[in-house]
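Undergrad: Input model.txt, format and content: compact mmCIF, C-alpha atoms and all ligand atoms.
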# COMPACT_ATOMS: atom_id res chain seq x y z
CA MET H 1 0.00 0.00 0.00
CA ALA H 2 2.83 2.25 0.73
CA GLU H 3 4.08 1.72 -2.90
CA LYS H 4 0.66 2.41 -4.49
CA LYS H 5 0.44 5.73 -2.89
CA LYS H 6 3.65 6.78 -4.43
CA MET H 7 2.49 5.88 -8.03
CA SER H 8 1.54 8.64 -10.28
CA VAL H 9 -1.61 8.74 -12.38
CA ALA H 10 0.28 7.81 -15.54
CA GLU H 11 1.73 4.81 -13.90
CA ILE H 12 -1.67 3.65 -12.73
CA LEU H 13 -3.10 4.03 -16.24
CA ALA H 14 -0.17 2.14 -17.69
CA ALA H 15 -0.69 -0.71 -15.29
CA ALA H 16 -4.40 -0.85 -16.16
CA ARG H 17 -3.71 -0.98 -19.86
CA ALA H 18 -1.11 -3.68 -19.33
CA GLU H 19 -3.78 -5.82 -17.80
CA LYS H 20 -5.96 -5.49 -20.88
CA GLY H 21 -3.34 -6.98 -23.05
CA SER H 22 -0.40 -6.04 -25.06
CA ALA H 23 -2.17 -6.63 -28.41
CA GLU H 24 -4.10 -3.39 -28.28
CA PRO H 25 -2.68 -0.57 -30.26
CA VAL H 26 -0.74 1.90 -28.39
CA LYS H 27 -2.48 5.12 -28.00
CA ALA H 28 -1.23 8.45 -27.23
CA GLY H 29 -0.35 8.66 -23.58
CA ASP H 30 0.28 4.99 -23.28
CA THR H 31 3.62 3.98 -22.00
CA ALA H 32 5.68 0.96 -22.90
CA ALA H 33 6.69 0.49 -19.35
CA THR H 34 3.10 -0.23 -18.20
CA GLU H 35 2.58 -2.95 -20.87
CA PRO H 36 3.41 -6.26 -19.22
CA ALA H 37 4.70 -9.18 -21.21
CA VAL H 38 1.93 -11.79 -21.40
CA ASP H 39 2.40 -15.30 -22.50
CA SER H 40 -0.65 -16.02 -24.61
CA ALA H 41 -0.13 -19.79 -24.47
CA ALA H 42 0.27 -20.03 -20.76
CA GLY H 43 -1.94 -17.14 -19.82
CA VAL H 44 0.69 -16.11 -17.40
CA GLU H 45 1.75 -12.63 -17.26
CA SER H 46 5.47 -12.52 -17.52
CA PRO H 47 7.23 -10.10 -15.37
CA PRO H 48 8.26 -7.07 -17.26
CA SER H 49 11.81 -6.47 -17.96
CA GLN H 50 12.66 -3.57 -15.86
CA PRO H 51 15.64 -2.32 -17.73
CA GLU H 52 13.60 -2.20 -21.06
CA LYS H 53 10.50 -0.52 -19.71
CA LYS H 54 12.19 2.08 -17.76
CA PRO H 55 12.49 4.78 -20.41
CA VAL H 56 8.86 4.51 -21.55
CA ALA H 57 7.55 4.37 -18.04
CA ALA H 58 9.65 7.25 -17.16
CA LYS H 59 8.19 9.28 -19.99
CA ALA H 60 4.68 8.19 -19.12
CA ALA H 61 5.30 9.10 -15.61
CA GLY H 62 6.37 12.49 -16.85
CA GLY H 63 3.02 12.88 -18.70
CA GLY H 64 4.57 13.20 -22.20
CA ARG H 65 3.32 11.65 -25.40
CA PRO H 66 5.32 8.51 -26.44
CA SER H 67 7.46 9.05 -29.43
CA VAL H 68 8.06 6.61 -32.26
CA ALA H 69 11.12 5.35 -30.51
CA ASP H 70 9.02 4.55 -27.45
CA ILE H 71 6.48 2.72 -29.56
CA LEU H 72 9.29 0.71 -31.13
CA ALA H 73 10.68 -0.09 -27.75
CA MET H 74 7.29 -1.29 -26.61
CA ALA H 75 6.94 -3.47 -29.66
CA ARG H 76 10.34 -4.96 -29.15
CA GLN H 77 9.52 -5.68 -25.58
CA LYS H 78 6.35 -7.38 -26.68
CA GLY H 79 8.19 -9.43 -29.28
CA ALA H 80 10.83 -10.37 -26.76
CA ALA H 81 8.14 -11.45 -24.35
CA GLU H 82 6.41 -13.61 -26.96
CA GLY H 83 9.62 -15.10 -28.32
CA GLY H 84 11.17 -15.76 -24.96
CA ALA H 85 8.20 -17.18 -23.14
CA ALA H 86 10.17 -20.30 -22.39
CA ALA H 87 12.94 -18.36 -20.86
CA ALA H 88 10.52 -16.46 -18.77
CA LYS H 89 8.74 -19.54 -17.46
CA PRO H 90 11.38 -20.66 -14.92
CA GLU H 91 10.95 -17.47 -13.18
CA ALA H 92 8.28 -17.46 -10.62
CA PRO H 93 5.25 -15.71 -11.92
CA LYS H 94 4.57 -12.66 -10.05
CA PRO H 95 1.12 -11.70 -9.06
CA ALA H 96 -0.60 -9.49 -11.49
CA SER H 97 0.30 -6.33 -9.97
CA THR H 98 0.06 -3.23 -11.93
CA ALA H 99 2.12 -1.19 -9.61
CA LYS H 100 5.15 -3.38 -9.51
CA PRO H 101 6.05 -3.39 -13.19
CA ALA H 102 5.59 0.29 -13.24
CA ALA H 103 7.85 0.60 -10.26
CA ALA H 104 10.46 -1.57 -11.92
CA LYS H 105 10.50 0.52 -15.11
CA PRO H 106 12.89 3.14 -13.90
CA ALA H 107 15.63 0.60 -14.19
CA ALA H 108 17.97 1.01 -17.06
CA ALA H 109 16.42 -0.95 -19.90
CA LYS H 110 18.35 0.30 -22.81
CA SER H 111 21.46 -1.38 -21.61
CA GLU H 112 19.77 -4.83 -21.44
CA LYS H 113 17.51 -4.46 -24.46
CA PRO H 114 20.02 -5.75 -26.99
CA ALA H 115 20.76 -8.76 -24.85
CA ALA H 116 17.08 -9.66 -24.49
CA THR H 117 16.33 -9.51 -28.15
CA GLY H 118 19.55 -10.93 -29.35
CA GLY H 119 19.65 -13.63 -26.83
CA LYS H 120 16.16 -14.97 -27.57
CA THR H 121 15.86 -14.84 -31.34
CA GLY H 122 19.21 -13.89 -32.60
CA VAL H 123 17.46 -12.36 -35.67
CA GLN H 124 17.90 -8.80 -36.56
CA ARG H 125 14.49 -7.38 -37.36
CA ASP H 126 13.79 -4.37 -39.42
CA THR H 127 11.50 -1.60 -38.45
CA ALA H 128 8.69 -2.59 -40.79
CA SER H 129 8.33 -6.09 -39.36
CA ILE H 130 8.41 -4.84 -35.82
CA LEU H 131 5.73 -2.25 -36.53
CA ALA H 132 3.57 -4.81 -38.29
CA ALA H 133 3.81 -7.16 -35.34
CA ALA H 134 3.05 -4.41 -32.91
CA ARG H 135 0.07 -2.94 -34.73
CA GLY H 136 -1.70 -5.92 -36.17
CA GLY H 137 -0.64 -8.72 -33.95
CA ALA H 138 0.67 -10.47 -37.03
CA LYS H 139 3.12 -13.26 -36.92
CA PRO H 140 6.52 -12.14 -35.97
CA GLY H 141 9.28 -12.59 -38.31
CA PRO H 142 11.50 -10.78 -40.60
CA VAL H 143 9.50 -9.08 -43.24
CA THR H 144 11.47 -7.11 -45.62
CA LYS H 145 10.67 -5.81 -48.99
CA ALA H 146 12.64 -8.64 -50.49
CA GLU H 147 10.91 -11.23 -48.35
CA ALA H 148 7.48 -9.87 -48.82
CA VAL H 149 5.48 -12.03 -51.14
CA PRO H 150 3.92 -9.98 -53.80
CA ARG H 151 0.21 -10.14 -53.80
CA PRO H 152 -1.32 -11.85 -56.71
CA VAL H 153 -2.77 -9.40 -59.02
CA LYS H 154 -6.31 -10.14 -59.86
CA PRO H 155 -6.72 -10.27 -63.54
CA LYS H 156 -9.14 -7.78 -64.71
CA PRO H 157 -12.18 -9.22 -66.41
CA ALA H 158 -11.91 -8.96 -70.05
CA VAL H 159 -14.26 -6.38 -71.22
CA ALA H 160 -15.87 -7.30 -74.40
CA LYS H 161 -15.09 -4.64 -76.80
CA GLU H 162 -18.11 -3.27 -78.43
CA PRO H 163 -17.94 -2.99 -82.13
CA LEU H 164 -17.13 0.46 -83.14
CA ALA H 165 -20.12 2.35 -84.29
CA PRO H 166 -19.91 3.61 -87.79
CA ALA H 167 -18.56 7.06 -87.97
CA ARG H 168 -21.29 9.60 -87.87
CA VAL H 169 -21.43 11.80 -90.83
CA VAL H 170 -21.67 15.30 -89.58
CA PRO H 171 -23.24 17.62 -92.08
CA PRO H 172 -21.18 20.64 -92.78
CA MET H 173 -22.08 23.72 -90.89
CA PRO H 174 -23.94 26.26 -92.95
CA SER H 175 -21.80 29.17 -93.69
CA ARG H 176 -22.72 32.29 -91.84
CA PRO H 177 -24.06 35.01 -94.02
CA LYS H 178 -21.52 37.60 -94.56
CA PRO H 179 -22.47 41.02 -93.31
CA ALA H 180 -23.31 43.46 -95.97
CA ALA H 181 -20.40 45.44 -97.15
CA LYS H 182 -20.08 48.89 -95.75
CA SER H 183 -20.49 50.46 -99.13
CA GLU H 184 -23.75 48.58 -99.72
CA VAL H 185 -25.11 49.71 -96.36
CA GLU H 186 -24.17 53.25 -97.12
CA ASP H 187 -25.78 52.97 -100.52
CA ARG H 188 -29.01 51.73 -98.95
CA ARG H 189 -29.02 54.49 -96.39
CA SER H 190 -28.31 57.09 -99.02
CA PHE H 191 -31.04 55.62 -101.21
CA LEU H 192 -33.51 55.74 -98.32
CA SER H 193 -32.51 59.27 -97.47
CA TYR H 194 -32.85 60.29 -101.10
CA ALA H 195 -36.21 58.55 -101.40
CA VAL H 196 -37.56 60.16 -98.25
CA GLY H 197 -36.09 63.47 -99.28
CA SER H 198 -37.60 63.21 -102.74
CA PHE H 199 -40.99 62.33 -101.30
CA MET H 200 -40.79 65.29 -98.98
CA ALA H 201 -39.68 67.51 -101.85
CA VAL H 202 -42.60 66.33 -103.97
CA GLY H 203 -44.96 66.94 -101.09
CA PHE H 204 -43.65 70.43 -100.46
CA THR H 205 -43.79 71.20 -104.19
CA ALA H 206 -47.40 70.05 -104.44
CA LEU H 207 -48.25 72.11 -101.38
CA SER H 208 -46.58 75.16 -102.90
CA VAL H 209 -48.44 74.72 -106.21
CA THR H 210 -51.73 74.32 -104.40
CA GLY H 211 -51.06 77.45 -102.41
CA GLY H 212 -50.25 79.39 -105.59
CA LEU H 213 -53.42 78.25 -107.32
CA PHE H 214 -55.46 79.15 -104.29
CA SER H 215 -53.93 82.63 -104.31
CA LEU H 216 -54.73 83.07 -108.02
CA GLY H 217 -58.33 81.99 -107.46
CA LEU H 218 -58.63 84.40 -104.57
CA ALA H 219 -57.30 87.26 -106.72
CA ARG H 220 -59.67 86.36 -109.54
CA PHE H 221 -62.53 86.37 -107.07
CA LEU H 222 -61.55 89.76 -105.73
CA PHE H 223 -61.49 91.43 -109.17
CA PRO H 224 -64.86 91.63 -111.15
CA ASN H 225 -65.26 89.92 -114.48
CA VAL H 226 -65.27 92.76 -117.02
CA LEU H 227 -66.12 92.00 -120.66
CA ALA H 228 -64.18 93.88 -123.24
CA GLU H 229 -66.87 95.29 -125.50
CA PRO H 230 -66.15 97.00 -128.76
CA PRO H 231 -66.29 100.75 -128.75
CA SER H 232 -69.69 102.24 -129.38
CA ARG H 233 -68.28 104.50 -132.08
CA PHE H 234 -66.46 103.18 -135.06
CA LYS H 235 -65.62 104.36 -138.56
CA VAL H 236 -66.84 102.36 -141.56
CA GLY H 237 -65.11 104.25 -144.36
CA PHE H 238 -65.73 107.01 -146.83
CA LYS H 239 -69.10 107.79 -148.38
CA ASP H 240 -67.94 106.74 -151.85
CA GLY H 241 -67.54 103.25 -150.56
CA PHE H 242 -71.29 102.83 -150.28
CA PRO H 243 -72.92 103.03 -153.69
CA SER H 244 -76.67 103.53 -154.21
CA GLY H 245 -78.80 100.49 -153.48
CA LYS H 246 -75.90 98.62 -151.74
CA VAL H 247 -76.23 96.81 -148.39
CA GLU H 248 -72.80 96.40 -146.75
CA THR H 249 -72.71 93.30 -144.53
CA LYS H 250 -69.03 93.20 -143.58
CA PHE H 251 -69.64 94.96 -140.28
CA VAL H 252 -72.26 92.51 -139.06
CA ALA H 253 -69.96 90.14 -137.30
CA GLN H 254 -67.76 92.79 -135.69
CA TYR H 255 -70.18 95.61 -134.99
CA GLY H 256 -73.67 94.20 -135.63
CA VAL H 257 -74.52 96.86 -138.19
CA TRP H 258 -75.70 96.97 -141.82
CA VAL H 259 -74.63 100.10 -143.69
CA VAL H 260 -77.22 100.74 -146.44
CA ASN H 261 -77.43 103.29 -149.27
CA GLY H 262 -81.15 103.14 -150.04
CA ASP H 263 -84.30 105.03 -150.65
CA PHE H 264 -86.59 105.92 -147.84
CA GLN H 265 -89.79 107.81 -148.61
CA GLY H 266 -88.39 109.19 -151.86
CA GLU H 267 -85.06 110.36 -150.36
CA GLN H 268 -81.72 108.66 -151.01
CA GLN H 269 -80.01 108.18 -147.62
CA ILE H 270 -77.08 106.36 -146.03
CA TYR H 271 -78.07 104.88 -142.70
CA ALA H 272 -76.98 102.13 -140.27
CA LEU H 273 -79.53 99.38 -139.40
CA LYS H 274 -79.28 97.36 -136.19
CA THR H 275 -78.97 93.58 -136.83
CA VAL H 276 -81.46 92.55 -134.15
CA CYS H 277 -84.88 91.14 -135.00
CA THR H 278 -87.62 93.09 -133.26
CA HIS H 279 -89.49 89.87 -132.54
CA LEU H 280 -87.23 87.97 -130.09
CA GLY H 281 -83.77 89.28 -130.85
CA CYS H 282 -82.44 86.91 -133.51
CA THR H 283 -80.10 88.11 -136.23
CA PRO H 284 -81.77 88.18 -139.66
CA ASN H 285 -79.91 87.43 -142.90
CA TRP H 286 -79.69 89.73 -145.92
CA LEU H 287 -80.99 87.97 -148.97
CA GLU H 288 -79.52 89.83 -151.98
CA ALA H 289 -81.67 87.94 -154.47
CA GLU H 290 -84.91 88.74 -152.63
CA GLN H 291 -83.76 92.19 -151.54
CA LYS H 292 -84.96 91.61 -147.95
CA PHE H 293 -83.81 90.72 -144.42
CA LYS H 294 -85.11 87.37 -143.35
CA CYS H 295 -85.10 86.29 -139.73
CA PRO H 296 -84.18 82.57 -139.45
CA CYS H 297 -85.92 82.17 -136.13
CA HIS H 298 -89.57 82.78 -136.90
CA GLY H 299 -89.55 83.99 -140.45
CA SER H 300 -90.01 87.68 -140.00
CA GLY H 301 -89.09 89.67 -143.07
CA PHE H 302 -87.92 93.23 -143.45
CA TYR H 303 -87.43 95.41 -146.49
CA LYS H 304 -84.14 97.12 -147.41
CA ASP H 305 -85.15 100.27 -145.51
CA GLY H 306 -85.92 98.09 -142.41
CA ILE H 307 -89.74 98.14 -142.48
CA ASN H 308 -91.16 94.79 -141.36
CA PHE H 309 -93.57 93.19 -143.78
CA GLU H 310 -93.86 89.53 -142.76
CA GLY H 311 -93.60 87.30 -139.82
CA PRO H 312 -94.13 87.98 -136.13
CA ALA H 313 -91.84 91.02 -135.96
CA PRO H 314 -94.07 93.77 -134.50
CA ARG H 315 -92.10 96.76 -135.77
CA PRO H 316 -89.36 97.88 -138.09
CA LEU H 317 -85.64 97.49 -137.40
CA GLU H 318 -83.88 100.25 -135.45
CA ARG H 319 -81.20 102.68 -136.70
CA TYR H 320 -77.92 103.86 -135.13
CA ALA H 321 -76.69 107.40 -135.24
CA ILE H 322 -74.34 108.15 -138.11
CA ARG H 323 -72.27 111.12 -139.08
CA ILE H 324 -69.33 112.24 -141.19
CA ALA H 325 -66.25 112.39 -139.05
CA ASP H 326 -63.54 115.03 -139.25
CA ASP H 327 -61.46 112.87 -141.54
CA GLY H 328 -64.39 112.51 -143.99
CA GLN H 329 -65.23 108.97 -143.02
CA LEU H 330 -68.60 107.79 -141.91
CA GLU H 331 -68.76 107.21 -138.16
CA VAL H 332 -71.44 105.04 -136.55
CA ASP H 333 -72.46 105.64 -132.94
CA LYS H 334 -74.22 102.70 -131.38
CA SER H 335 -74.98 104.55 -128.20
CA ARG H 336 -77.90 106.17 -129.89
CA ALA H 337 -80.78 104.25 -131.54
CA PHE H 338 -83.72 105.57 -133.57
CA GLN H 339 -87.12 103.87 -133.98
CA GLU H 340 -89.33 104.47 -137.02
CA GLU H 341 -92.71 103.95 -135.20
CA MET H 342 -91.73 106.75 -132.93
CA GLY H 343 -90.90 109.11 -135.82
CA GLN H 344 -87.22 109.16 -134.86
CA TRP H 345 -85.98 108.33 -138.36
CA ALA H 346 -86.74 111.91 -139.29
CA ASP H 347 -83.85 112.97 -137.00
CA PRO H 348 -80.90 114.09 -139.20
CA SER H 349 -78.56 112.15 -136.90
CA SER H 350 -80.22 108.94 -138.07
CA PHE H 351 -79.06 109.28 -141.68
CA ILE H 352 -76.68 111.01 -144.08
CA PRO H 353 -78.10 112.32 -147.36
CA ALA H 354 -76.52 110.41 -150.19
FE1 LIG D 401 -87.11 87.29 -135.76
FE2 LIG D 401 -88.80 85.89 -134.31
S1 LIG D 401 -86.96 86.69 -133.82
S2 LIG D 401 -88.91 86.51 -136.28
Mind turning the file's structure into structure tokens?
Ligand code: FES
TA:
Amino acid sequence: MAEKKKMSVAEILAAARAEKGSAEPVKAGDTAATEPAVDSAAGVESPPSQPEKKPVAAKAAGGGRPSVADILAMARQKGAAEGGAAAAKPEAPKPASTAKPAAAKPAAAKSEKPAATGGKTGVQRDTASILAAARGGAKPGPVTKAEAVPRPVKPKPAVAKEPLAPARVVPPMPSRPKPAAKSEVEDRRSFLSYAVGSFMAVGFTALSVTGGLFSLGLARFLFPNVLAEPPSRFKVGFKDGFPSGKVETKFVAQYGVWVVNGDFQGEQQIYALKTVCTHLGCTPNWLEAEQKFKCPCHGSGFYKDGINFEGPAPRPLERYAIRIADDGQLEVDKSRAFQEEMGQWADPSSFIPA
């Protein structure tokens, strides 16, 4: 009891783990000194070799984590215990005390370690075999790379090769349309601008023409429609140009006047007859063969002196004023008319004595 009280916590843990067995993997914090050598065949726990366990126990007692060297030392101790079980048998088995092996660890183990291993097996082990024995509980023995039996390589199942599919015929990619050349684009834009501009020009031109026509119509509406009538006075020529018994018709179309050199009530006169029928205003025709004026509308007839004698005309034809102008020519004035039924033919302005 006096010895147990002196044990540290690490030593107690090491002793407890030693009881579980040396086959368990060494964990961090475990110490080689606390792992007792157990003879699996006899079930007797061999007393630990104090000189070998001392360094690990010392470290565990110090609370440090075992290094690789410590783990190796523990494995070697385990191997030595398994290999030298016969050597360990003569010794009296000690009671399974967890405190005692831990107490014996401080002894110098490194000095006796080579003797224990070399004396039992006499085989120099390499690090790989020792680690394999320690970690997996595998069979001890020298396992080197040369000794290691290569694992048979499982042949891979032959994969039936699928027949190659016929090569797919990929249709050629359609060529991308080339962008329109810059000049073509410019030509289109210029064409559009010209077209729009021309349409606008045509529209403005039409608007201008319409405005001009409207202005002309407005001006025509503002000014009255004045007919250009012939002058009321006009010269028909000299007196010698109108022989006796002659009816001059060349002024009918222009002036609407017959100039006649005829006899009226026993007096030879030159007078101007108006070419308007007194019935409804038609223009009679001079019939030279019949020596009369004949109205084509209703058949009224007038003699050479203008007296009506047939047809619906109610009265004789009218006369215009006539005189001899300063230059000796006969001048007709249409602004003045003379009617026979009213006795106006007796006015000297209505005739010129021939
Ligand atoms: Fe001359 Fe009627 S108009 S006859």
Undergrad: Throw together the list of residues within 10 Å of ligand LIG 401 (chain D), counting only C-alpha atoms and all ligand atoms, and drop it here as an NGL selection string.
TA: :H and (276-284 or 293-302 or 308 or 310-314)
Undergrad: Please define a box with edges along x, y and z of the file around all atoms of region 233-239 of chain H given in the file, extend it by 6 Å on each side, and return its centre and edge lengths in Å to one decimal, as AutoDock Vina command-line options.
TA:
--center_x -67.1 --center_y 105.1 --center_z -140.2 --size_x 16.0 --size_y 17.4 --size_z 28.3
Undergrad: Just to confirm, what's the straight-line distance from CA of Val247 (chain H) to CA of Glu229 (chain H) in Å (one decimal)?
TA: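 So the two atoms, CA of Val247 (chain H) and CA of Glu229 (chain H), lie 24.8 Å apart.
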Undergrad: So the first atom is CA of Ala133 (chain H) and the second is CA of Pro152 (chain H); what is the distance between them in Å, to one decimal place?
TA: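 Between CA of Ala133 (chain H) and CA of Pro152 (chain H) the gap works out to 22.5 Å.
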Undergrad: Would you please work out which residue, of H:Ser198, H:Ala325, H:Ile270, H:Lys334, is nearest to Tyr255 (chain H) when using all atoms listed in the file?
TA: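 Of the candidates, the smallest distance to Tyr255 (chain H) is held by H:Lys334.
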Undergrad: Which residues are near Arg233 (chain H)? Cut-off 9 Å, only C-alpha atoms, ignore same chain within fewer than 2 positions. Put them as a list of chain:residue names.
TA: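 The neighbour list is H:Pro230, H:Pro231, H:Lys235, H:Glu331, H:Val332, H:Asp333, H:Lys334, H:Ser335.
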Undergrad: Write out as a short mmCIF file (atom, residue, chain, number, x, y, z; two decimals) with C-alpha atoms, in the coordinates of the input which residues come within 12 Å of Lys246 (chain H) when counting all atoms listed in the file, dropping same-chain ones fewer than 4 positions away.
TA:
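Result went into around18.cif, see below:
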data_model
loop_
_atom_site.label_atom_id
_atom_site.label_comp_id
_atom_site.auth_asym_id
_atom_site.auth_seq_id
_atom_site.Cartn_x
_atom_site.Cartn_y
_atom_site.Cartn_z
CA LYS H 239 -69.10 107.79 -148.38
CA ASP H 240 -67.94 106.74 -151.85
CA GLY H 241 -67.54 103.25 -150.56
CA PHE H 242 -71.29 102.83 -150.28
CA LYS H 250 -69.03 93.20 -143.58
CA TRP H 258 -75.70 96.97 -141.82
CA VAL H 259 -74.63 100.10 -143.69
CA VAL H 260 -77.22 100.74 -146.44
CA ASN H 261 -77.43 103.29 -149.27
CA GLY H 262 -81.15 103.14 -150.04
CA ASP H 263 -84.30 105.03 -150.65
CA GLN H 268 -81.72 108.66 -151.01
CA GLN H 269 -80.01 108.18 -147.62
CA ILE H 270 -77.08 106.36 -146.03
CA TYR H 271 -78.07 104.88 -142.70
CA TRP H 286 -79.69 89.73 -145.92
CA GLU H 288 -79.52 89.83 -151.98
CA GLN H 291 -83.76 92.19 -151.54
CA LYS H 304 -84.14 97.12 -147.41
CA ASP H 305 -85.15 100.27 -145.51
CA ALA H 354 -76.52 110.41 -150.19
#
Undergrad: Between CA of Ala14 (chain H) and CA of Ala80 (chain H), what distance in Å does the model show, to one decimal?
TA: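 Taking CA of Ala14 (chain H) and CA of Ala80 (chain H), their separation equals 19.0 Å.
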Undergrad: Pick out the closest residue to Ala134 (chain H) from this set: H:Gln77, H:Ser208, H:Ser350, H:Gln265. Count only C-alpha atoms.
TA: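 Among H:Gln77, H:Ser208, H:Ser350, H:Gln265, it is H:Gln77 that comes nearest to Ala134 (chain H).
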